[in-house]
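Trainee: Next up is a structure, given as structure tokens.
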Amino acid sequence: MTITEETERAHGYADLPRLMGLMTGDEKHGPAATSTLDVLWVLYDRVLRVRPEQRDDPHRDRFLLSKGHGPMAYYAVLAAKGFVPVDWLPDFGAYDSPLGHHPDRTLVPGVEIGSGSLGHGLPIAVGTALGLRAQGLDGPRVWVLTGDAELDEGSNHEAIAFAGPAGLEQLHTVVVDNASASHARPGGIAARFEAAGWSTASVDGRDHEALYAAFTAPHPGRPHVVVARVEPKNP
């Protein structure tokens, strides 16, 4: 199949490994990318209210990839859903490619934030939710995807502690847990959010139906976190 034919066809979940396979080169952070693949697919295929033609619509859902140091799965899903051309994928990480090793919101259609520095996605998501509230935009939802190791960064805990009492119902966090964090948390990851007043769910991060149910669970008056457990990064 040529790149032109690949670009013109519709893509589903089964196509994602092939799309990821088009991206080669150094610094791919493959485990970081593949750990997020199922979460990203379920969000973009069944949950997020955003399409390529809506990417500047103020009423769109916002998705923020905080785990930006491993964006291959993100780029593959964006290509599958028509946000970026498939023929961009083979140039991933090249000097003149818009698809850098960290996503750049000024270069990649559909990307909401430049990311890759651990620990800043959730604080930005809190600010985004506050901004929507200030504008009276109650419909758009804010989603942020982090890794469990990112929770070692103190900036996340300030955001967690603020969002619960602030009642940021529009805010949703997905923590992809591949057992790579340096510091354990008493009671597990979800307990940290529960202590700050969040709604929580913990599920198998490869089970699409479980992910969908957790993503769409009602949580009136509270932010919501889904801890998506996947295979350990270093078994």
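FYI, nothing fancy with the structure tokens labels: chains A, B, ... in order, residues from 1 per chain, ligands from 1 as they appear.
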Excluding region 97-107 of chain A and residues on its chain fewer than 4 positions from it, collect all residues at most 10 Å away from it, counting only C-alpha atoms, and give them as an NGL selection string.
Mentor: :A and (23 or 26-29 or 65-72 or 74-75 or 84 or 88-93 or 111-117)
Trainee: Can you tell me, as a ChimeraX atom specification, what residues are no more than 12 Å from Asp57 (chain A) when counting only C-alpha atoms, ignoring any on the same chain fewer than 6 positions away?
Mentor: /A:49-51,110,137,139-140
Trainee: Hey, can you spit out that residue selection with all heavy atoms as a JSON list (two decimals), in the first residue's frame?
Mentor:
[["chain", "number", "residue", "atom", "x", "y", "z"],
["A", 49, "ARG", "N", -15.52, 15.11, 22.04],
["A", 49, "ARG", "CA", -16.37, 15.82, 21.08],
["A", 49, "ARG", "C", -15.50, 16.85, 20.36],
["A", 49, "ARG", "O", -15.56, 18.05, 20.59],
["A", 49, "ARG", "CB", -17.53, 16.48, 21.81],
["A", 49, "ARG", "CG", -18.48, 15.46, 22.44],
["A", 49, "ARG", "CD", -19.56, 16.09, 23.28],
["A", 49, "ARG", "NE", -19.01, 16.80, 24.42],
["A", 49, "ARG", "CZ", -19.74, 17.25, 25.44],
["A", 49, "ARG", "NH1", -21.04, 17.05, 25.46],
["A", 49, "ARG", "NH2", -19.17, 17.90, 26.43],
["A", 50, "VAL", "N", -14.68, 16.33, 19.46],
["A", 50, "VAL", "CA", -13.83, 17.18, 18.63],
["A", 50, "VAL", "C", -13.50, 16.41, 17.36],
["A", 50, "VAL", "O", -13.25, 15.20, 17.41],
["A", 50, "VAL", "CB", -12.54, 17.59, 19.38],
["A", 50, "VAL", "CG1", -11.70, 16.39, 19.76],
["A", 50, "VAL", "CG2", -11.72, 18.58, 18.56],
["A", 51, "ARG", "N", -13.56, 17.09, 16.25],
["A", 51, "ARG", "CA", -13.24, 16.52, 14.95],
["A", 51, "ARG", "C", -12.31, 17.49, 14.22],
["A", 51, "ARG", "O", -12.19, 18.66, 14.62],
["A", 51, "ARG", "CB", -14.51, 16.29, 14.13],
["A", 51, "ARG", "CG", -15.47, 15.26, 14.74],
["A", 51, "ARG", "CD", -14.88, 13.87, 14.68],
["A", 51, "ARG", "NE", -15.77, 12.85, 15.27],
["A", 51, "ARG", "CZ", -15.71, 12.45, 16.51],
["A", 51, "ARG", "NH1", -14.82, 12.99, 17.35],
["A", 51, "ARG", "NH2", -16.52, 11.52, 16.98],
["A", 110, "GLY", "N", -4.85, 20.08, 15.81],
["A", 110, "GLY", "CA", -5.54, 19.32, 16.83],
["A", 110, "GLY", "C", -4.83, 19.23, 18.16],
["A", 110, "GLY", "O", -5.43, 18.83, 19.16],
["A", 137, "LEU", "N", -18.77, 28.82, 29.41],
["A", 137, "LEU", "CA", -18.85, 27.68, 28.50],
["A", 137, "LEU", "C", -18.91, 26.39, 29.33],
["A", 137, "LEU", "O", -17.89, 25.85, 29.75],
["A", 137, "LEU", "CB", -17.63, 27.66, 27.57],
["A", 137, "LEU", "CG", -17.53, 28.83, 26.58],
["A", 137, "LEU", "CD1", -16.20, 28.78, 25.83],
["A", 137, "LEU", "CD2", -18.70, 28.79, 25.60],
["A", 139, "GLY", "N", -20.35, 23.46, 28.34],
["A", 139, "GLY", "CA", -20.40, 22.23, 27.56],
["A", 139, "GLY", "C", -19.06, 21.56, 27.33],
["A", 139, "GLY", "O", -18.93, 20.34, 27.49],
["A", 140, "PRO", "N", -18.02, 22.32, 26.95],
["A", 140, "PRO", "CA", -16.74, 21.66, 26.64],
["A", 140, "PRO", "C", -16.13, 20.99, 27.87],
["A", 140, "PRO", "O", -16.17, 21.53, 28.97],
["A", 140, "PRO", "CB", -15.85, 22.82, 26.18],
["A", 140, "PRO", "CG", -16.79, 23.91, 25.80],
["A", 140, "PRO", "CD", -17.97, 23.76, 26.69]]
Trainee: So that I can see what lies close to region 141-144 of chain A, please list as a tab-separated table (two decimals) with N, CA and C atoms, in the first residue's frame the residues with an atom at most 7 Å from it, counting only C-alpha atoms and leaving out residues fewer than 3 positions away in the same chain.
Mentor:
chain	number	residue	atom	x	y	z
A	61	ASP	N	-14.41	19.82	22.92
A	61	ASP	CA	-13.67	19.28	24.06
A	61	ASP	C	-12.19	19.55	23.84
A	62	ARG	N	-11.47	19.72	24.94
A	62	ARG	CA	-10.02	19.92	24.88
A	62	ARG	C	-9.32	18.67	25.39
A	63	PHE	N	-8.35	18.17	24.60
A	63	PHE	CA	-7.52	17.06	25.06
A	63	PHE	C	-6.07	17.54	25.14
A	64	LEU	N	-5.47	17.35	26.31
A	64	LEU	CA	-4.10	17.79	26.56
A	64	LEU	C	-3.24	16.56	26.86
A	65	LEU	N	-2.25	16.33	26.02
A	65	LEU	CA	-1.32	15.22	26.26
A	65	LEU	C	-0.18	15.74	27.12
A	66	SER	N	-0.23	15.46	28.41
A	66	SER	CA	0.88	15.84	29.28
A	66	SER	C	2.05	14.87	29.10
A	121	GLY	N	1.06	19.33	32.39
A	121	GLY	CA	-0.21	19.18	31.68
A	121	GLY	C	-1.43	19.35	32.57
A	122	LEU	N	-1.41	18.75	33.76
A	122	LEU	CA	-2.56	18.85	34.65
A	122	LEU	C	-2.76	20.28	35.15
A	125	ALA	N	-4.42	22.05	32.41
A	125	ALA	CA	-5.81	21.61	32.27
A	125	ALA	C	-6.71	22.28	33.31
A	129	ALA	N	-9.90	24.61	32.37
A	129	ALA	CA	-11.24	24.43	32.92
A	129	ALA	C	-11.73	25.72	33.60
A	170	GLN	N	-15.82	19.90	34.78
A	170	GLN	CA	-15.41	19.73	33.39
A	170	GLN	C	-14.05	19.06	33.23
A	171	LEU	N	-13.32	18.94	34.33
A	171	LEU	CA	-11.95	18.43	34.26
A	171	LEU	C	-11.91	16.92	34.42
A	172	HIS	N	-11.20	16.26	33.49
A	172	HIS	CA	-11.02	14.81	33.51
A	172	HIS	C	-9.54	14.50	33.32
A	173	THR	N	-9.02	13.62	34.15
A	173	THR	CA	-7.63	13.21	34.05
A	173	THR	C	-7.57	11.70	33.84
A	174	VAL	N	-6.68	11.29	32.95
A	174	VAL	CA	-6.38	9.86	32.79
A	174	VAL	C	-4.92	9.67	33.18
Trainee: So that I can see what lies close to Gly82 (chain A), please list as a VMD selection string the residues with an atom at most 10 Å from it, counting only C-alpha atoms and leaving out residues fewer than 2 positions away in the same chain.
Mentor: chain A and resid 7 to 8 10 to 11 51 to 53 76 to 80 84 to 86 109 to 110
Trainee: Next, write the just-selected residues to a file, as a PDB file, in the first residue's frame, keeping N, CA, C and O atoms as the atom set.
Mentor:
ATOM      1  N   THR A   7      -3.279   7.380   3.015  1.00  0.00           N
ATOM      2  CA  THR A   7      -3.863   8.654   3.412  1.00  0.00           C
ATOM      3  C   THR A   7      -5.342   8.722   3.086  1.00  0.00           C
ATOM      4  O   THR A   7      -6.137   9.294   3.825  1.00  0.00           O
ATOM      5  N   GLU A   8      -5.736   8.111   1.975  1.00  0.00           N
ATOM      6  CA  GLU A   8      -7.096   8.258   1.483  1.00  0.00           C
ATOM      7  C   GLU A   8      -8.087   7.282   2.114  1.00  0.00           C
ATOM      8  O   GLU A   8      -9.286   7.467   2.014  1.00  0.00           O
ATOM      9  N   ALA A  10     -10.043   5.059   5.208  1.00  0.00           N
ATOM     10  CA  ALA A  10     -10.465   5.217   6.592  1.00  0.00           C
ATOM     11  C   ALA A  10      -9.651   4.271   7.471  1.00  0.00           C
ATOM     12  O   ALA A  10      -9.245   3.196   7.039  1.00  0.00           O
ATOM     13  N   HIS A  11      -9.406   4.691   8.694  1.00  0.00           N
ATOM     14  CA  HIS A  11      -8.567   3.903   9.583  1.00  0.00           C
ATOM     15  C   HIS A  11      -9.316   3.553  10.863  1.00  0.00           C
ATOM     16  O   HIS A  11     -10.092   4.359  11.384  1.00  0.00           O
ATOM     17  N   ARG A  51     -13.557  17.087  16.250  1.00  0.00           N
ATOM     18  CA  ARG A  51     -13.236  16.519  14.950  1.00  0.00           C
ATOM     19  C   ARG A  51     -12.306  17.493  14.222  1.00  0.00           C
ATOM     20  O   ARG A  51     -12.192  18.659  14.620  1.00  0.00           O
ATOM     21  N   PRO A  52     -11.632  17.052  13.167  1.00  0.00           N
ATOM     22  CA  PRO A  52     -10.705  17.962  12.486  1.00  0.00           C
ATOM     23  C   PRO A  52     -11.327  19.304  12.094  1.00  0.00           C
ATOM     24  O   PRO A  52     -10.700  20.353  12.243  1.00  0.00           O
ATOM     25  N   GLU A  53     -12.570  19.271  11.647  1.00  0.00           N
ATOM     26  CA  GLU A  53     -13.215  20.513  11.235  1.00  0.00           C
ATOM     27  C   GLU A  53     -13.663  21.365  12.419  1.00  0.00           C
ATOM     28  O   GLU A  53     -14.074  22.523  12.240  1.00  0.00           O
ATOM     29  N   ALA A  76      -0.325   8.752  15.703  1.00  0.00           N
ATOM     30  CA  ALA A  76      -1.016   7.715  14.932  1.00  0.00           C
ATOM     31  C   ALA A  76      -2.529   7.880  15.030  1.00  0.00           C
ATOM     32  O   ALA A  76      -3.247   7.768  14.026  1.00  0.00           O
ATOM     33  N   VAL A  77      -3.031   8.174  16.232  1.00  0.00           N
ATOM     34  CA  VAL A  77      -4.470   8.373  16.401  1.00  0.00           C
ATOM     35  C   VAL A  77      -4.926   9.636  15.695  1.00  0.00           C
ATOM     36  O   VAL A  77      -5.984   9.653  15.041  1.00  0.00           O
ATOM     37  N   LEU A  78      -4.155  10.713  15.791  1.00  0.00           N
ATOM     38  CA  LEU A  78      -4.513  11.943  15.078  1.00  0.00           C
ATOM     39  C   LEU A  78      -4.562  11.703  13.570  1.00  0.00           C
ATOM     40  O   LEU A  78      -5.440  12.234  12.873  1.00  0.00           O
ATOM     41  N   ALA A  79      -3.634  10.906  13.051  1.00  0.00           N
ATOM     42  CA  ALA A  79      -3.652  10.588  11.619  1.00  0.00           C
ATOM     43  C   ALA A  79      -4.850   9.715  11.273  1.00  0.00           C
ATOM     44  O   ALA A  79      -5.526   9.930  10.255  1.00  0.00           O
ATOM     45  N   ALA A  80      -5.146   8.729  12.111  1.00  0.00           N
ATOM     46  CA  ALA A  80      -6.286   7.839  11.858  1.00  0.00           C
ATOM     47  C   ALA A  80      -7.593   8.605  11.828  1.00  0.00           C
ATOM     48  O   ALA A  80      -8.523   8.249  11.085  1.00  0.00           O
ATOM     49  N   VAL A  84      -4.172  14.968  11.020  1.00  0.00           N
ATOM     50  CA  VAL A  84      -2.918  15.180  10.298  1.00  0.00           C
ATOM     51  C   VAL A  84      -2.826  14.164   9.165  1.00  0.00           C
ATOM     52  O   VAL A  84      -3.409  13.070   9.251  1.00  0.00           O
ATOM     53  N   PRO A  85      -2.120  14.482   8.088  1.00  0.00           N
ATOM     54  CA  PRO A  85      -1.972  13.530   6.984  1.00  0.00           C
ATOM     55  C   PRO A  85      -1.110  12.333   7.385  1.00  0.00           C
ATOM     56  O   PRO A  85      -0.123  12.489   8.096  1.00  0.00           O
ATOM     57  N   VAL A  86      -1.473  11.171   6.913  1.00  0.00           N
ATOM     58  CA  VAL A  86      -0.678   9.979   7.175  1.00  0.00           C
ATOM     59  C   VAL A  86       0.735  10.129   6.617  1.00  0.00           C
ATOM     60  O   VAL A  86       1.706   9.629   7.200  1.00  0.00           O
ATOM     61  N   PRO A 109      -1.969  20.154  13.768  1.00  0.00           N
ATOM     62  CA  PRO A 109      -3.409  20.414  13.896  1.00  0.00           C
ATOM     63  C   PRO A 109      -4.051  19.501  14.935  1.00  0.00           C
ATOM     64  O   PRO A 109      -3.807  18.289  14.959  1.00  0.00           O
ATOM     65  N   GLY A 110      -4.847  20.084  15.812  1.00  0.00           N
ATOM     66  CA  GLY A 110      -5.545  19.319  16.832  1.00  0.00           C
ATOM     67  C   GLY A 110      -4.829  19.235  18.155  1.00  0.00           C
ATOM     68  O   GLY A 110      -5.425  18.832  19.158  1.00  0.00           O
TER      69      GLY A 110
END
Trainee: Please determine, counting only C-alpha atoms, which residue among A:Val230, A:Ile124, A:Gly131, A:Ala33 has the shortest atom-to-atom distance to Gly21 (chain A).
Mentor: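 The shortest atom-to-atom distance to Gly21 (chain A) comes from A:Ala33.
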Trainee: Run DSSP on the backbone of this structure and report the residues of region 62-205 of chain A it assigns to strand (DSSP E), as a PyMOL selection string.
Mentor: chain A and resi 62-65+142-147+171-177+199-204
Trainee: Please determine, counting only C-alpha atoms, which residue among A:Pro123, A:Asp38, A:Gly136, A:Ile160 has the shortest atom-to-atom distance to Pro58 (chain A).
Mentor: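 That would be A:Gly136, the residue with the smallest distance to Pro58 (chain A).
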Trainee: Using only C-alpha atoms, I'd like a table of the residues in region 135-179 of chain A that come within 9 Å of region 198-219 of chain A; for each, show the closest atom pair and its distance in Å rounded to one decimal, ordered by chain and ascending number, as CSV.
Mentor:
residue,atom,partner,partner_atom,distance
A:Ile160,CA,A:Trp198,CA,8.3
A:Ala163,CA,A:Trp198,CA,8.0
A:Gly164,CA,A:Trp198,CA,5.4
A:Pro165,CA,A:Trp198,CA,8.7
A:Gly167,CA,A:Trp198,CA,8.6
A:Glu169,CA,A:His219,CA,7.1
A:His172,CA,A:Phe215,CA,8.3
A:Val174,CA,A:Phe215,CA,8.7
A:Val176,CA,A:Gly205,CA,7.3
A:Asp177,CA,A:Gly205,CA,8.3
Trainee: Could you pull the residues within 9 Å of Arg133 (chain A), counting only C-alpha atoms, minus those fewer than 5 positions along the same chain, as an NGL selection string?
Mentor: :A and (128 or 138 or 168 or 170)
Trainee: Generate the output file for the selected residues, N, CA and C atoms, as a short mmCIF file (atom, residue, chain, number, x, y, z; two decimals), in the first residue's frame.
Mentor:
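The result, written out as selection-v1.cif:
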data_model
loop_
_atom_site.label_atom_id
_atom_site.label_comp_id
_atom_site.auth_asym_id
_atom_site.auth_seq_id
_atom_site.Cartn_x
_atom_site.Cartn_y
_atom_site.Cartn_z
N THR A 128 -7.31 25.67 32.05
CA THR A 128 -8.24 25.63 30.92
C THR A 128 -9.67 25.50 31.41
N ASP A 138 -20.11 25.90 29.57
CA ASP A 138 -20.30 24.74 30.42
C ASP A 138 -20.23 23.42 29.66
N LEU A 168 -14.29 21.45 39.82
CA LEU A 168 -14.11 21.56 38.37
C LEU A 168 -14.65 20.32 37.65
N GLN A 170 -15.82 19.90 34.78
CA GLN A 170 -15.41 19.73 33.39
C GLN A 170 -14.05 19.06 33.23
#
Trainee: Please determine, counting only C-alpha atoms, which residue among A:Gly12, A:Gly221, A:Pro17, A:Gly30 has the shortest atom-to-atom distance to Asp45 (chain A).
Mentor: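 Closest to Asp45 (chain A) of all the choices is A:Gly12.
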